[in-house]
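Q: Take this structure first; my questions come after.
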Amino acid sequence: TGDSSMVLQAHEEIIEMKDVFSVKLKRRRFVGQKKGGTLLGITIFKCLNKEENKLTDCAIHLNNLSEDHCHSWFRHLKEILNGFQNRPKSLKVFVNPSSHKREATHVYYEKVAPLFKLADIKTDVTVTEYEGHALLVLKECELQAFDGCLSLVCSSMEEFILNRLAFLFCNRVVCVGGDGSVSEVAHGLLLKAQIDAGKDTDYVPMPVRAPVPLGVIPAGTTNILAHTLYGIKHAVTAALHIIMGHIQPVDVCTFSTASKLLRFGFSAMFGFGARTLALAEKHRWMPSNQRKDFAFIKTLADLKPEECELSFLPLQIPQEESHENDRITLFYLGSKDQWHKIQGHFLNVSIMAIPCLCSMAPRGLAPNTRLNNGSMALIVVQNTSRTEFIKHLKRYTSIKNQFNFPFVETYTVQEVKVQPRLKSGLDAKENTYLNAASAEGNYPWNIDGDLMEEASEVHVRVHPQLINLYG
């Protein structure tokens with residue numbers, strides 16, 4: 001009473017169920033006690049938005065000693081959580097143990113798996129043993145959009161899985177690794193979708209969509225896809241987007257020759273970007289960062305253009321771009337299905353269906369496209385001096401326009417054909433260190449961080465919203 005009185009004010013917090021991903025009964029237990037214990041109340045776990053696109057989890061404790069009240073609240077809250085349709089209840093997880101500094105396994109089991117367990121998500125984990133392992137498992141898996149345990153008898157032709165029985169929870173798929181690992185799993189999902197639809201996988205002009213969403217946990221050297229989806233390289237943020245069921249439809253490209261489908265992918269580079277990767281792959285014995293730096297510097301020192309012919313089909317619908325708070329609408333005029341051709345010597349050719357954000361390119365490698373607007377960015381860097389080319393590359397690290405050079409041309413397209421002119425004689429010998437112009441006349445391609453070598457013309461098509469990714 002009087003001047004010594006204290007006023008206690010109750011703190012009120014509003015919790016929206018769309019932000020909640022788990023509810024647990026809270027009990028006091030003795031050391032070593034696994035069941036029972038004194039009921040103290042319930043704990044609600046929610047997803048919290050932090051700065052710079054980061055998500056985190058936090059716990060809110062509600063105290064109540066009544067068994068009936070606690071069980072009633074627990075039951076009703078669980079019913080609400082189970083009503084969110086996009087949230088996964090079971091996941092097939094692929095972990096690439098060879099990703100950057102071999103950290104993928106640690107990232108998954110230390111940071112991601114506990115969150116999946118907290119959210120009552122069942123998981124079946126495959127730690128990939130070699131390149132193409134995830135693709136093999138996906139091709140054999142019955143991918144159907146329901147929860148449960150599916151039995152799978154794998155192909156008897158593969159010795160390492162002979163007579164093994166795999167129980168796969170194929171309601172959703174998650175990949176823990178870098179861009180190459182994610183690209184392999186995405187390719188496997190889409191290839192399996194074509195097989196299930198009875199399509200000829202050698203020629204897929206109109207592919208069907210992937211049957212299940214794909215989650216991406218960044219744990220590689222390059223994590224362009226994760227950066228583009230989440231705006232940040234952060235495993236917990238990625239895991240929470242998956243748990244919360246944040247679905248993002250994404251455009252995908254097909255890369256084909258005249259006779260076969262090479263693969264599905266999101267982005268590709270021909271020329272400098274591909275030659276750098278080819279050289280890095282030849283020095284796998286080096287530590288990851290060291291071999292990438294070496295390959296970059298060596299390829300820059302031996303900078304040479306590729307002679308090729310580019311044919312492209314411009315996009316016919318309006319394309320919007322945000323630039324310095326102004327809205328700019330770009331139109332491609334001309335008759336429908338009118339192909340354009342460019343022939344010459346090019347230092348680099350980028351074909352990207354997504355913006356390709358990363359820490360070194362905050363605006364993205366292809367800032368003029370979006371995740372799902374049905375277009376590709378074609379970025380052509382014509383032959384120029386090494387000094388000017390370096391200026392162009394440096395621009396990616398800033399917010400300035402990296403294309404504002406006379407030797408750089410950009411187009412918004414729906415199809416591209418790249419026809420390299422095969423080298424012979426001295427030119428071929430000069431490039432043997434890259435294995436880029438080998439005896440077979442193969443040229444390197446960098447597709448989502450994976451090396452692909454091809455001698456003939458490559459036809460790239462964009463397919464709108466072909467896969468759902470979490471983000």
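Here's how to read the names in the structure tokens: chain A, B, ... by the order shown, residue numbers from 1 in each chain, ligand numbers from 1 in the order shown.
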Mind checking DSSP for segment 351-390 of chain A and telling me the helix (DSSP H, G or I) residues as a ChimeraX atom specification?
A: /A:386-390
Q: Just the residues within 10 Å of Val413 of chain A, please, counting only C-alpha atoms, with nothing from its chain fewer than 6 positions along; format it as a VMD selection string.
A: chain A and resid 312 to 316 332 351 to 353 369 374 to 378 461 to 462
Q: Can you list, as a PyMOL selection string, every protein, DNA or RNA residue that comes within 6 Å of segment 448-456 of chain A when you count only C-alpha atoms, leaving out same-chain residues fewer than 3 positions away?
A: chain A and resi 179-180+267+441-445
Q: Given only C-alpha atoms, how would the per-residue table for segment 334-415 of chain A near segment 295-303 of chain A read, listing every residue at most 10 Å away with its closest atom pair and distance in Å to one decimal, sorted by chain and number, as JSON lines?
A:
{"residue": "A:Leu347", "atom": "CA", "partner": "A:Leu303", "partner_atom": "CA", "distance": 7.7}
{"residue": "A:Asn383", "atom": "CA", "partner": "A:Leu303", "partner_atom": "CA", "distance": 9.7}
{"residue": "A:Thr384", "atom": "CA", "partner": "A:Leu303", "partner_atom": "CA", "distance": 9.9}
{"residue": "A:Ser385", "atom": "CA", "partner": "A:Leu303", "partner_atom": "CA", "distance": 9.0}
{"residue": "A:Arg386", "atom": "CA", "partner": "A:Leu303", "partner_atom": "CA", "distance": 7.1}
{"residue": "A:Phe389", "atom": "CA", "partner": "A:Leu300", "partner_atom": "CA", "distance": 9.2}
{"residue": "A:Ile390", "atom": "CA", "partner": "A:Leu300", "partner_atom": "CA", "distance": 8.6}
Q: Which one of A:Leu62, A:Val23, A:Val107, A:Cys253 sits closest to Ile80 of chain A if you count only C-alpha atoms?
A: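 Closest to Ile80 of chain A of all the choices is A:Val23.
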Q: Please report as a Markdown table every residue of segment 197-279 of chain A lying within 12 Å of segment 47-50 of chain A, along with the nearest atom pair and their distance in Å (one decimal), using only C-alpha atoms.
A:
| residue | atom | partner | partner_atom | distance |
| --- | --- | --- | --- | --- |
| A:Ile232 | CA | A:Lys50 | CA | 11.8 |
| A:Val236 | CA | A:Cys47 | CA | 10.5 |
| A:Thr237 | CA | A:Asn49 | CA | 9.3 |
| A:Ala238 | CA | A:Cys47 | CA | 11.8 |
| A:Ala239 | CA | A:Cys47 | CA | 10.7 |
| A:Leu240 | CA | A:Cys47 | CA | 7.1 |
| A:His241 | CA | A:Cys47 | CA | 9.1 |
| A:Ile242 | CA | A:Cys47 | CA | 11.4 |
| A:Ile243 | CA | A:Cys47 | CA | 9.4 |
| A:Met244 | CA | A:Cys47 | CA | 8.1 |
| A:Gly245 | CA | A:Cys47 | CA | 11.7 |
| A:His246 | CA | A:Cys47 | CA | 12.0 |
Q: Keeping only N, CA, C and O atoms, write the selected residues as an mmCIF file, in the first residue's frame.
A:
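Contents of the output file again_38.cif:
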data_model
loop_
_atom_site.group_PDB
_atom_site.id
_atom_site.type_symbol
_atom_site.label_atom_id
_atom_site.label_comp_id
_atom_site.auth_asym_id
_atom_site.auth_seq_id
_atom_site.Cartn_x
_atom_site.Cartn_y
_atom_site.Cartn_z
ATOM 1 N N ILE A 232 19.418 -16.566 -48.010
ATOM 2 C CA ILE A 232 20.479 -16.718 -47.019
ATOM 3 C C ILE A 232 20.947 -18.168 -47.037
ATOM 4 O O ILE A 232 20.186 -19.083 -47.382
ATOM 5 N N VAL A 236 19.104 -23.914 -40.534
ATOM 6 C CA VAL A 236 17.889 -23.870 -39.702
ATOM 7 C C VAL A 236 16.760 -23.150 -40.439
ATOM 8 O O VAL A 236 15.599 -23.581 -40.409
ATOM 9 N N THR A 237 17.092 -22.060 -41.136
ATOM 10 C CA THR A 237 16.087 -21.347 -41.930
ATOM 11 C C THR A 237 15.500 -22.272 -42.992
ATOM 12 O O THR A 237 14.281 -22.335 -43.183
ATOM 13 N N ALA A 238 16.367 -23.005 -43.678
ATOM 14 C CA ALA A 238 15.908 -23.937 -44.712
ATOM 15 C C ALA A 238 15.010 -25.011 -44.111
ATOM 16 O O ALA A 238 13.943 -25.331 -44.666
ATOM 17 N N ALA A 239 15.412 -25.564 -42.964
ATOM 18 C CA ALA A 239 14.628 -26.617 -42.315
ATOM 19 C C ALA A 239 13.250 -26.104 -41.895
ATOM 20 O O ALA A 239 12.239 -26.799 -42.050
ATOM 21 N N LEU A 240 13.208 -24.882 -41.378
ATOM 22 C CA LEU A 240 11.920 -24.327 -40.932
ATOM 23 C C LEU A 240 10.997 -24.023 -42.103
ATOM 24 O O LEU A 240 9.779 -24.176 -42.004
ATOM 25 N N HIS A 241 11.546 -23.581 -43.245
ATOM 26 C CA HIS A 241 10.703 -23.402 -44.432
ATOM 27 C C HIS A 241 10.064 -24.732 -44.834
ATOM 28 O O HIS A 241 8.894 -24.779 -45.239
ATOM 29 N N ILE A 242 10.828 -25.821 -44.728
ATOM 30 C CA ILE A 242 10.299 -27.147 -45.053
ATOM 31 C C ILE A 242 9.230 -27.546 -44.049
ATOM 32 O O ILE A 242 8.140 -27.982 -44.422
ATOM 33 N N ILE A 243 9.532 -27.405 -42.769
ATOM 34 C CA ILE A 243 8.581 -27.782 -41.710
ATOM 35 C C ILE A 243 7.286 -26.993 -41.823
ATOM 36 O O ILE A 243 6.185 -27.542 -41.664
ATOM 37 N N MET A 244 7.400 -25.687 -42.134
ATOM 38 C CA MET A 244 6.218 -24.832 -42.219
ATOM 39 C C MET A 244 5.453 -25.011 -43.527
ATOM 40 O O MET A 244 4.369 -24.460 -43.702
ATOM 41 N N GLY A 245 6.033 -25.759 -44.459
ATOM 42 C CA GLY A 245 5.332 -26.032 -45.712
ATOM 43 C C GLY A 245 5.248 -24.857 -46.650
ATOM 44 O O GLY A 245 4.277 -24.695 -47.383
ATOM 45 N N HIS A 246 6.279 -24.010 -46.638
ATOM 46 C CA HIS A 246 6.299 -22.864 -47.551
ATOM 47 C C HIS A 246 6.704 -23.339 -48.949
ATOM 48 O O HIS A 246 7.863 -23.639 -49.198
#
Q: Compare A:Asn372, A:Phe346, A:Cys70, A:Ser22 by their minimum atom-to-atom distance to Thr228 of chain A, counting only C-alpha atoms, and give me the closest one.
A: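 Nearest to Thr228 of chain A: A:Asn372.
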Q: I'd like the interatomic distance between atom CA of Arg421 of chain A and atom CA of Thr276 of chain A, to a tenth of an Å.
A: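 Answer for the atom CA of Arg421 of chain A to atom CA of Thr276 of chain A separation: 19.4 Å.
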Q: May I have the residues within 9 Å of segment 24-35 of chain A as a list in words, using only C-alpha atoms and disregarding those fewer than 4 positions away in the same chain?
A: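 These residues fall inside the cut-off: Leu39, Leu40, Gly41, Ile42, Thr43, Ile44, Phe45, His61, Leu62, Asn63, Cys70, His71, Phe74 and Leu118 of chain A.
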Q: In terms of the shortest atom-to-atom distance over only C-alpha atoms, which of A:Thr257, A:Ser359, A:Ser183, A:Gln414 is closest to Gln338 of chain A?
A: A:Gln414
Q: To one decimal place in Å, what is the distance between atom CA of Val112 of chain A and atom CA of Leu55 of chain A?
A: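 About the pair atom CA of Val112 of chain A and atom CA of Leu55 of chain A: they are 12.9 Å apart.
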Q: For Val212 of chain A, which residue among A:Thr56, A:Ser90, A:Asn404, A:Ser398 is the nearest when counting only C-alpha atoms?
A: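 For Val212 of chain A, the nearest of the given residues is A:Ser90.
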